[in-house]
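A.B. asks: Structure incoming, see below.
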Amino acid sequence: MKTAVIMAAGMGTRLEERTKDMPKGFLKIGSVPIIEESIIKLLNVGIEKIFIGTGYLSEHFDRLKDFYPVELIKSEKFETTSSMYTLYNMRDRIKDDFLLLESDLMYDQKGLNYLLEAKENDVILASGKTNSGDEVYIETDSNGFLVNMSKKSDDLGSINGELVGITKVSYNTFKEMCVYAEKAFETNPKIDYETVLVGITEELHYSVKVVEDYTWCEIDDESHLKRANELIYPEILRKEAGRKSVKRNILLNPGPATTTDTVKYAQVVPDICPREKEFADLVRKVQKDMVDIVHGGDEYASVFFAGSGTAIMDAVINSVVPGDGKLCIIVNGAYGSRMVKIAEAYSIDHMVIDFGFGGKIDLEKVESEIAKDKEIKCVAVVHHETTTGILNPVDRIADLKAKYNFSFVVDGISTYAGLPINIKESKIDFLLSTSNKCIQGMAGLSFAICKIDELIKTKDFPVRSFYLNLYNQYIHFEEKGQWQFTPPVQILYALDQAVKEYYAEGETARYERYDACWRKYREELPKLGFNFLHDAEEDSKVLLTIMEPDHPNYSFNRMHDYLYERGFTIYPGKVGNKNTFRLSNIGDVHPEDIENFIKVLKQYVDKELV
């Protein structure tokens, strides 16, 4: 999107003497007029053309043309119309999608990024409660689509946010707005654009992006101006001064994953003691989010630990096997083998069903081995073996639960929030994951989503670890609202932001994005001479294992370094004695990133392997 529209025709009558000789967009808070500051922010995010709808004292805007790529379109009816007519008056000039703003806004530049990065074509930016006075409240449906807007809260069924005054508008929606407005002007020439947006909701779904702690204000009267000077502008300066654009590396390794800047900056929060209720409330919210993402409901709870994925593997394996029972571990890669090593470290009685690295799980053999051993009380398997990229048949293994009465542990570390998972339907009792893979947060926190009745059973099992005991961590937080030990505070704030971005994208859309990236790998890599370890139907669609080419000039390290210097990180293989490397497509990675990676890889191939 390269176009913006600023509506600046109004007379600003509530500011009386201040706007007697100039439009209110030329009020200065800081060193430049607020409309000029807005123009600079638009240019900073890549906007190339800005239309300004003028009216009152329009000559003040002329000088902007000498410095910025603006086009002025005056409404001769500004005194008898409102914002929709100002926008309608530009219908012959606007030919593209655009950002729509008002001239009297002070706002954090990040709000523009929220809209530009949104996948939807039509998005309204909303904030949490501001208590600013003169708020426009927004009601949305359960999918986050616009239902209604009003300054009167009683007009709405619910209040889901407050209108900021920055909106992403597709060209098709703009045309619908103009058609609607033409009819409305006959009886209401002062209809505003907000009313028109509500009026066309029957024809289209308008998404609302709510950023709870977004910093902004509109300046309509003296109280607004005072608030802008004393509170809002200093806060915007603080946020924007501390926010630098972070170099974007495309991580094609199995994790940690590429993250958005908004997730990175979510870690920049005031210091807080983790014993405070405010932090406990955040933890409870994110714990519930983790359960909801896999459709767990009230039967499940999430238990958090500071640590990597191996920490939660350790916590679950050492916690869920009774003293008189045996653990069965199904292995076809390094992470299944890691479960075995954990069991060995705690001297937990266990058996292994090993299909070899990259081997396909034989369900008949699994059932046969489980049936032979009546001591088995728990079965563990990796959902997606990131050593190979194979996706294991978790649901079909779960079908054996009722017959053989075992609790079911699934390592979902590299599939959680990437592949759709319904923990109830899959009959999983303990699902493992971390904050840094498909959920797209930062590394440092791991968790298990536990069926509560199965978790409570473990309170009578041997306590094999002081720190990594699942039940003790769960019950301590349930009873006291605090972690037993110091949590990774900033990682929780980043995870909360990552969850918001997950819901904004949606479960299906995230999977489809990962799938699209995987398909590009599958389509393009064979053209460069690379073959795959598995057939497509066995792939997880979040990672591929690639056979290294048999070429005298080939060197993984040289290929890695060539790609790394150009912003792409790849990872070596882990498949026994086979020469492989791995490419993932998890995290904030998009099909165009894979296309660019393929181009750079082709340059390397043409240089070294042809």
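Chain labels follow the order of the structure tokens: the first chain is A, the next B, and so on; residue numbering restarts at 1 in every chain, and ligands are counted from 1 in their shown order.
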When you look at Ala536 of chain A with a cut-off of 10 Å (counting only C-alpha atoms), what residues show up, excluding the ones that are within fewer than 4 positions of it in the same chain? I need them as an MDAnalysis selection string.
C.D. replies: chainID A and resid 390 518:519 522 532 540:541 544
A.B. asks: Any chance you could export the current selection's N, CA, C and O atoms as a PDB file, in the first residue's frame?
C.D. replies:
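Ended up saving to out_32.pdb:
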```pdb
ATOM      1  N   ILE A 390       9.209 -35.582   9.423  1.00  0.00           N
ATOM      2  CA  ILE A 390       8.089 -36.506   9.302  1.00  0.00           C
ATOM      3  C   ILE A 390       7.038 -36.185  10.359  1.00  0.00           C
ATOM      4  O   ILE A 390       7.364 -35.789  11.480  1.00  0.00           O
ATOM      5  N   TRP A 518       5.821 -24.254   2.333  1.00  0.00           N
ATOM      6  CA  TRP A 518       6.262 -25.636   2.095  1.00  0.00           C
ATOM      7  C   TRP A 518       6.123 -25.998   0.619  1.00  0.00           C
ATOM      8  O   TRP A 518       7.013 -26.636   0.041  1.00  0.00           O
ATOM      9  N   ARG A 519       5.031 -25.612   0.007  1.00  0.00           N
ATOM     10  CA  ARG A 519       4.808 -25.942  -1.409  1.00  0.00           C
ATOM     11  C   ARG A 519       5.872 -25.295  -2.299  1.00  0.00           C
ATOM     12  O   ARG A 519       6.298 -25.891  -3.298  1.00  0.00           O
ATOM     13  N   ARG A 522       8.857 -27.433  -2.123  1.00  0.00           N
ATOM     14  CA  ARG A 522       8.624 -28.677  -2.881  1.00  0.00           C
ATOM     15  C   ARG A 522       8.695 -28.437  -4.397  1.00  0.00           C
ATOM     16  O   ARG A 522       9.172 -29.286  -5.147  1.00  0.00           O
ATOM     17  N   PHE A 532      14.454 -34.803  -1.676  1.00  0.00           N
ATOM     18  CA  PHE A 532      13.905 -34.820  -0.325  1.00  0.00           C
ATOM     19  C   PHE A 532      14.045 -36.191   0.316  1.00  0.00           C
ATOM     20  O   PHE A 532      14.017 -37.219  -0.371  1.00  0.00           O
ATOM     21  N   SER A 540       5.451 -32.874   7.402  1.00  0.00           N
ATOM     22  CA  SER A 540       4.702 -32.080   8.383  1.00  0.00           C
ATOM     23  C   SER A 540       4.209 -30.768   7.796  1.00  0.00           C
ATOM     24  O   SER A 540       3.310 -30.142   8.334  1.00  0.00           O
ATOM     25  N   LYS A 541       4.860 -30.310   6.743  1.00  0.00           N
ATOM     26  CA  LYS A 541       4.620 -29.017   6.097  1.00  0.00           C
ATOM     27  C   LYS A 541       5.170 -27.845   6.908  1.00  0.00           C
ATOM     28  O   LYS A 541       4.877 -26.691   6.601  1.00  0.00           O
ATOM     29  N   LEU A 544      11.362 -29.498   6.095  1.00  0.00           N
ATOM     30  CA  LEU A 544      11.769 -30.507   5.109  1.00  0.00           C
ATOM     31  C   LEU A 544      13.214 -30.912   5.373  1.00  0.00           C
ATOM     32  O   LEU A 544      14.050 -30.087   5.744  1.00  0.00           O
TER      33      LEU A 544
END
```
A.B. asks: Listing only residues of segment 462-567 of chain A within 12 Å of segment 412-433 of chain A, what is the closest atom pair and its distance in Å (to one decimal) for each, using only C-alpha atoms, sorted by chain and residue number ascending, as a tab-separated table?
C.D. replies:
```
residue	atom	partner	partner_atom	distance
A:Leu470	CA	A:Phe430	CA	10.4
A:Ala498	CA	A:Ala417	CA	10.5
A:Val499	CA	A:Ala417	CA	9.4
A:Glu501	CA	A:Ala417	CA	11.3
A:Tyr502	CA	A:Ala417	CA	7.8
A:Tyr503	CA	A:Ala417	CA	10.1
A:Glu505	CA	A:Ala417	CA	11.1
A:Gly506	CA	A:Ala417	CA	9.6
A:Glu507	CA	A:Pro420	CA	6.6
A:Thr508	CA	A:Pro420	CA	7.3
A:Ala509	CA	A:Gly418	CA	9.8
A:Arg510	CA	A:Gly418	CA	6.5
A:Tyr511	CA	A:Gly418	CA	5.7
A:Glu512	CA	A:Leu419	CA	9.3
A:Arg513	CA	A:Gly418	CA	9.4
A:Tyr514	CA	A:Gly418	CA	7.5
A:Asp515	CA	A:Leu419	CA	9.5
A:Asp539	CA	A:Leu419	CA	11.9
A:Ser540	CA	A:Thr415	CA	8.4
A:Lys541	CA	A:Leu419	CA	8.6
A:Val542	CA	A:Gly418	CA	7.7
A:Leu543	CA	A:Ser414	CA	9.2
```
A.B. asks: Could you write out the selected residues, including N, CA and C atoms, as a PDB file, in the first residue's frame?
C.D. replies:
```
ATOM      1  N   LEU A 470       5.938 -31.294  37.523  1.00  0.00           N
ATOM      2  CA  LEU A 470       4.768 -30.732  36.846  1.00  0.00           C
ATOM      3  C   LEU A 470       3.657 -30.376  37.838  1.00  0.00           C
ATOM      4  N   ALA A 498       2.552 -12.330  20.939  1.00  0.00           N
ATOM      5  CA  ALA A 498       2.529 -13.366  19.903  1.00  0.00           C
ATOM      6  C   ALA A 498       1.161 -14.022  19.815  1.00  0.00           C
ATOM      7  N   VAL A 499       0.512 -14.198  20.953  1.00  0.00           N
ATOM      8  CA  VAL A 499      -0.838 -14.776  20.967  1.00  0.00           C
ATOM      9  C   VAL A 499      -1.818 -13.846  20.257  1.00  0.00           C
ATOM     10  N   GLU A 501      -1.160 -11.816  17.911  1.00  0.00           N
ATOM     11  CA  GLU A 501      -0.896 -11.897  16.474  1.00  0.00           C
ATOM     12  C   GLU A 501      -1.363 -13.231  15.898  1.00  0.00           C
ATOM     13  N   TYR A 502      -1.314 -14.280  16.706  1.00  0.00           N
ATOM     14  CA  TYR A 502      -1.856 -15.575  16.263  1.00  0.00           C
ATOM     15  C   TYR A 502      -3.354 -15.461  16.002  1.00  0.00           C
ATOM     16  N   TYR A 503      -4.075 -14.861  16.952  1.00  0.00           N
ATOM     17  CA  TYR A 503      -5.521 -14.726  16.774  1.00  0.00           C
ATOM     18  C   TYR A 503      -5.856 -13.774  15.631  1.00  0.00           C
ATOM     19  N   GLU A 505      -4.160 -13.434  12.918  1.00  0.00           N
ATOM     20  CA  GLU A 505      -3.980 -14.182  11.674  1.00  0.00           C
ATOM     21  C   GLU A 505      -4.998 -15.301  11.555  1.00  0.00           C
ATOM     22  N   GLY A 506      -5.221 -16.033  12.635  1.00  0.00           N
ATOM     23  CA  GLY A 506      -6.185 -17.129  12.639  1.00  0.00           C
ATOM     24  C   GLY A 506      -5.531 -18.481  12.424  1.00  0.00           C
ATOM     25  N   GLU A 507      -6.102 -19.500  13.057  1.00  0.00           N
ATOM     26  CA  GLU A 507      -5.547 -20.851  12.995  1.00  0.00           C
ATOM     27  C   GLU A 507      -5.419 -21.349  11.559  1.00  0.00           C
ATOM     28  N   THR A 508      -6.481 -21.213  10.792  1.00  0.00           N
ATOM     29  CA  THR A 508      -6.470 -21.724   9.417  1.00  0.00           C
ATOM     30  C   THR A 508      -5.512 -20.926   8.538  1.00  0.00           C
ATOM     31  N   ALA A 509      -5.527 -19.620   8.684  1.00  0.00           N
ATOM     32  CA  ALA A 509      -4.668 -18.778   7.843  1.00  0.00           C
ATOM     33  C   ALA A 509      -3.187 -19.038   8.129  1.00  0.00           C
ATOM     34  N   ARG A 510      -2.834 -19.255   9.407  1.00  0.00           N
ATOM     35  CA  ARG A 510      -1.429 -19.538   9.707  1.00  0.00           C
ATOM     36  C   ARG A 510      -1.006 -20.854   9.071  1.00  0.00           C
ATOM     37  N   TYR A 511      -1.851 -21.878   9.220  1.00  0.00           N
ATOM     38  CA  TYR A 511      -1.525 -23.158   8.592  1.00  0.00           C
ATOM     39  C   TYR A 511      -1.406 -23.010   7.082  1.00  0.00           C
ATOM     40  N   GLU A 512      -2.298 -22.257   6.473  1.00  0.00           N
ATOM     41  CA  GLU A 512      -2.256 -22.079   5.014  1.00  0.00           C
ATOM     42  C   GLU A 512      -0.987 -21.333   4.593  1.00  0.00           C
ATOM     43  N   ARG A 513      -0.542 -20.381   5.419  1.00  0.00           N
ATOM     44  CA  ARG A 513       0.714 -19.680   5.106  1.00  0.00           C
ATOM     45  C   ARG A 513       1.896 -20.648   5.171  1.00  0.00           C
ATOM     46  N   TYR A 514       1.955 -21.443   6.220  1.00  0.00           N
ATOM     47  CA  TYR A 514       3.029 -22.434   6.321  1.00  0.00           C
ATOM     48  C   TYR A 514       2.979 -23.419   5.147  1.00  0.00           C
ATOM     49  N   ASP A 515       1.760 -23.831   4.817  1.00  0.00           N
ATOM     50  CA  ASP A 515       1.575 -24.767   3.709  1.00  0.00           C
ATOM     51  C   ASP A 515       2.059 -24.158   2.396  1.00  0.00           C
ATOM     52  N   ASP A 539       5.222 -35.466   4.938  1.00  0.00           N
ATOM     53  CA  ASP A 539       5.775 -34.224   5.464  1.00  0.00           C
ATOM     54  C   ASP A 539       4.842 -33.563   6.482  1.00  0.00           C
ATOM     55  N   SER A 540       5.451 -32.874   7.402  1.00  0.00           N
ATOM     56  CA  SER A 540       4.702 -32.080   8.383  1.00  0.00           C
ATOM     57  C   SER A 540       4.209 -30.768   7.796  1.00  0.00           C
ATOM     58  N   LYS A 541       4.860 -30.310   6.743  1.00  0.00           N
ATOM     59  CA  LYS A 541       4.620 -29.017   6.097  1.00  0.00           C
ATOM     60  C   LYS A 541       5.170 -27.845   6.908  1.00  0.00           C
ATOM     61  N   VAL A 542       5.945 -28.133   7.942  1.00  0.00           N
ATOM     62  CA  VAL A 542       6.640 -27.054   8.652  1.00  0.00           C
ATOM     63  C   VAL A 542       8.156 -27.219   8.558  1.00  0.00           C
ATOM     64  N   LEU A 543       8.621 -28.338   8.022  1.00  0.00           N
ATOM     65  CA  LEU A 543      10.057 -28.560   7.879  1.00  0.00           C
ATOM     66  C   LEU A 543      10.294 -29.660   6.857  1.00  0.00           C
TER      67      LEU A 543
END
```
A.B. asks: With a distance cut-off of 12 Å and only C-alpha atoms, select the neighbouring residues of Ser207 of chain A, excluding the residue or stretch itself and same-chain residues fewer than 6 positions from it, and output the selection as a ChimeraX atom specification.
C.D. replies: /A:115,118-126,138-148,167-170,197-198,201,504-505
A.B. asks: Taking the DSSP assignment computed from this structure's backbone, write out as a PyMOL selection string all residues of segment 169-414 of chain A that belong to strand (DSSP E or B).
C.D. replies: chain A and resi 169+207-211+216-218+250-251+258+300-306+326-331+350-354+376-382+384-385+390-391+407-411
A.B. asks: Need to verify the contact set: segment 62-74 of chain A, 6 Å, only C-alpha atoms, exclusion of same-chain residues closer than 4 positions in sequence. Can you return it as a list of chain:residue names?
C.D. replies: A:Lys49, A:Ile50, A:Phe51, A:Ile52, A:Gly53, A:Thr54, A:Gly55
A.B. asks: Determine, counting only C-alpha atoms, which protein, DNA and RNA residues have an atom within 12 Å of an atom of Val179 of chain A; residues of the same chain fewer than 5 positions away are not included. Present the result as a ChimeraX atom specification.
C.D. replies: /A:84-85,88,91,172-174,184-185,196-197,199-200,203
